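Shown below: structure_19.cif, with mmCIF, C-alpha atoms.
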data_model
loop_
_atom_site.label_atom_id
_atom_site.label_comp_id
_atom_site.auth_asym_id
_atom_site.auth_seq_id
_atom_site.Cartn_x
_atom_site.Cartn_y
_atom_site.Cartn_z
CA GLN A 7 107.39 -47.98 115.38
CA VAL A 8 109.97 -50.48 114.23
CA GLN A 9 113.24 -48.87 113.24
CA LEU A 10 116.25 -50.67 111.80
CA VAL A 11 119.40 -48.76 110.94
CA GLU A 12 122.21 -50.54 109.11
CA SER A 13 125.79 -49.30 109.02
CA GLY A 14 129.31 -50.41 108.21
CA GLY A 15 129.18 -50.81 104.47
CA GLY A 16 131.83 -49.52 102.12
CA LEU A 17 134.30 -50.33 99.38
CA VAL A 18 136.65 -53.26 99.89
CA HIS A 19 138.96 -55.32 97.70
CA ALA A 20 138.14 -58.93 96.98
CA GLY A 21 139.40 -61.12 99.78
CA GLY A 22 138.89 -58.40 102.35
CA SER A 23 136.51 -58.15 105.28
CA LEU A 24 133.75 -55.85 106.47
CA SER A 25 131.60 -55.78 109.57
CA LEU A 26 128.02 -54.58 109.38
CA SER A 27 125.83 -53.47 112.27
CA CYS A 28 122.12 -52.98 112.65
CA ALA A 29 120.59 -50.93 115.45
CA ALA A 30 117.04 -52.01 116.24
CA SER A 31 114.27 -50.25 118.13
CA GLY A 32 110.49 -50.20 118.42
CA PHE A 33 110.02 -53.88 119.16
CA THR A 34 111.24 -56.49 121.63
CA PHE A 35 114.52 -57.26 119.92
CA GLY A 36 115.55 -59.96 122.38
CA ASN A 37 112.44 -61.98 121.56
CA SER A 38 112.80 -61.73 117.79
CA ALA A 39 114.70 -63.77 115.27
CA MET A 40 116.64 -61.53 112.88
CA SER A 41 118.10 -61.84 109.43
CA TRP A 42 120.36 -60.13 106.96
CA LEU A 43 119.16 -59.71 103.40
CA ARG A 44 121.06 -58.43 100.42
CA GLN A 45 120.14 -57.16 97.00
CA GLY A 46 122.76 -57.34 94.30
CA PRO A 47 122.71 -55.08 91.24
CA GLY A 48 119.66 -55.96 89.16
CA LEU A 49 118.75 -58.83 91.47
CA GLY A 50 116.03 -59.50 94.00
CA LEU A 51 116.34 -59.70 97.75
CA GLU A 52 118.28 -62.70 99.05
CA LEU A 53 118.14 -63.94 102.63
CA ILE A 54 121.75 -64.65 103.48
CA ALA A 55 121.91 -65.10 107.25
CA TYR A 56 119.44 -65.84 110.04
CA ILE A 57 119.76 -65.93 113.80
CA LYS A 58 117.23 -66.96 116.40
CA SER A 59 116.52 -64.85 119.46
CA ASP A 60 118.80 -67.06 121.55
CA GLY A 61 121.80 -65.87 119.58
CA VAL A 62 123.00 -69.43 119.20
CA THR A 63 120.98 -70.93 116.36
CA THR A 64 122.05 -69.58 112.99
CA SER A 65 121.73 -70.50 109.34
CA TYR A 66 123.28 -69.21 106.13
CA ALA A 67 122.69 -69.19 102.43
CA PRO A 68 125.11 -71.47 100.57
CA SER A 69 126.56 -68.41 98.85
CA VAL A 70 127.94 -67.05 102.14
CA ASN A 71 128.23 -70.11 104.36
CA GLY A 72 131.70 -70.40 105.83
CA ARG A 73 132.57 -66.77 105.06
CA PHE A 74 129.94 -64.70 106.90
CA ILE A 75 129.02 -64.79 110.58
CA ILE A 76 125.81 -63.40 112.02
CA SER A 77 125.64 -62.45 115.68
CA ARG A 78 123.68 -60.27 118.04
CA ASP A 79 123.84 -58.35 121.30
CA ASN A 80 120.40 -58.51 122.88
CA ALA A 81 121.41 -56.17 125.70
CA LYS A 82 122.18 -53.42 123.18
CA ASN A 83 119.58 -54.28 120.52
CA LEU A 84 122.30 -54.78 117.94
CA LEU A 85 122.66 -57.24 115.08
CA PHE A 86 125.97 -57.87 113.34
CA LEU A 87 127.29 -59.44 110.17
CA GLN A 88 130.99 -60.21 109.90
CA MET A 89 131.87 -60.70 106.24
CA ASN A 90 135.16 -62.35 105.36
CA SER A 91 136.80 -63.46 102.11
CA LEU A 92 134.58 -61.08 100.21
CA LYS A 93 133.94 -61.68 96.52
CA SER A 94 132.75 -59.36 93.78
CA GLU A 95 129.40 -61.16 93.79
CA ASP A 96 128.89 -60.02 97.39
CA THR A 97 128.39 -56.49 96.08
CA GLY A 98 124.97 -55.12 96.93
CA VAL A 99 122.82 -53.36 99.47
CA TYR A 100 122.59 -55.15 102.79
CA TYR A 101 119.53 -54.94 105.01
CA CYS A 102 118.65 -56.26 108.42
CA THR A 103 115.12 -57.43 109.02
CA GLU A 104 112.99 -58.85 111.79
CA GLY A 105 112.33 -62.53 111.43
CA MET A 106 113.03 -63.66 107.89
CA GLY A 107 111.74 -60.45 106.33
CA PRO A 108 111.54 -58.96 103.87
CA THR A 109 109.80 -56.38 106.01
CA PRO A 110 110.39 -54.48 108.14
CA ARG A 111 113.88 -53.49 107.05
CA GLY A 112 116.05 -50.42 107.18
CA GLN A 113 117.46 -48.22 104.44
CA GLY A 114 120.31 -50.61 103.89
CA THR A 115 124.06 -50.16 103.64
CA GLN A 116 126.00 -50.44 100.40
CA VAL A 117 128.80 -52.98 100.11
CA THR A 118 131.02 -52.82 97.05
CA VAL A 119 133.68 -55.46 96.46
CA SER A 120 136.22 -54.65 93.79
CA SER A 121 137.93 -57.47 91.97
#
Would you kindly transcribe this structure into structure tokens?
Amino acid sequence: QVQLVESGGGLVHAGGSLSLSCAASGFTFGNSAMSWLRQGPGLGLELIAYIKSDGVTTSYAPSVNGRFIISRDNAKNLLFLQMNSLKSEDTGVYYCTEGMGPTPRGQGTQVTVSS
């Protein structure tokens, strides 16, 4: 079955950086577009970054464009999200998902940005 395991979250000061990872299994990762979603406190799921299977074509939500970078390693079935210049509004649970989601997705990893 599809399994997605996110890691790398934590507590960081505003302006800092974090790098998230997602280990994927149970499907042909190299053939699948992938995305990162996030859910802020009291908010719904937001698609923030998308990458096609080629690893070249990407798109971002305006809220993170220019600060976050999505990438992937198809040989290792890994998805990444490099988050720079973090803001308090980036606080939330971050999920990786196949395609544009919202399912399947993992348990998520908590990111907390202190101002």
Excluding same-chain residues fewer than 6 positions from A:Ala39, what lies within 12 Å of it counting all atoms listed in the file, as a compact mmCIF listing (two decimals) with C-alpha atoms, in the frame of the given file?
# COMPACT_ATOMS: atom_id res chain seq x y z
CA PHE A 33 110.02 -53.88 119.16
CA ALA A 55 121.91 -65.10 107.25
CA TYR A 56 119.44 -65.84 110.04
CA ILE A 57 119.76 -65.93 113.80
CA LYS A 58 117.23 -66.96 116.40
CA SER A 59 116.52 -64.85 119.46
CA ASP A 60 118.80 -67.06 121.55
CA GLY A 61 121.80 -65.87 119.58
CA VAL A 62 123.00 -69.43 119.20
CA THR A 63 120.98 -70.93 116.36
CA THR A 64 122.05 -69.58 112.99
CA SER A 65 121.73 -70.50 109.34
CA ILE A 76 125.81 -63.40 112.02
CA SER A 77 125.64 -62.45 115.68
CA ARG A 78 123.68 -60.27 118.04
CA ASN A 80 120.40 -58.51 122.88
CA ASN A 83 119.58 -54.28 120.52
CA LEU A 85 122.66 -57.24 115.08
CA CYS A 102 118.65 -56.26 108.42
CA THR A 103 115.12 -57.43 109.02
CA GLU A 104 112.99 -58.85 111.79
CA GLY A 105 112.33 -62.53 111.43
CA MET A 106 113.03 -63.66 107.89
CA GLY A 107 111.74 -60.45 106.33
Stretch 56-64 of chain A, all listed atoms, 6 Å padding on each side: what axis-aligned box centre and edge lengths in Å to one decimal come out, as lines of an AutoDock Vina configuration file?
center_x = 119.8
center_y = -67.9
center_z = 115.8
size_x = 18.5
size_y = 18.1
size_z = 23.5
Nearest to A:Pro47 among A:Val99, A:Val119, A:Ala30, A:Leu87, with distances taken over all atoms listed in the file: which residue is it?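 Distance minimum relative to A:Pro47 lands on A:Val99.
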Tell me which protein, DNA and RNA residues are within 10 Å of A:Pro108, counting all atoms listed in the file, leaving out same-chain ones fewer than 6 positions away, and put them as a VMD selection string. chain A and resid 41 to 43 51 to 53 101 to 102
Selection in question (the file shown): the PyMOL selection byres ((chain A and resi 23) around 9). Which residues does it include, as a list of chain:residue names? A:Val18, A:His19, A:Ala20, A:Gly21, A:Gly22, A:Leu24, A:Ser25, A:Gln88, A:Met89, A:Asn90, A:Ser91, A:Leu92
Using all atoms listed in the file, pick whichever of A:Asp79, A:Gln7, A:Leu49, A:Ala67 has the shortest atom-to-atom distance to A:Asn37.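 Ranked by minimum distance to A:Asn37, first place goes to A:Asp79.
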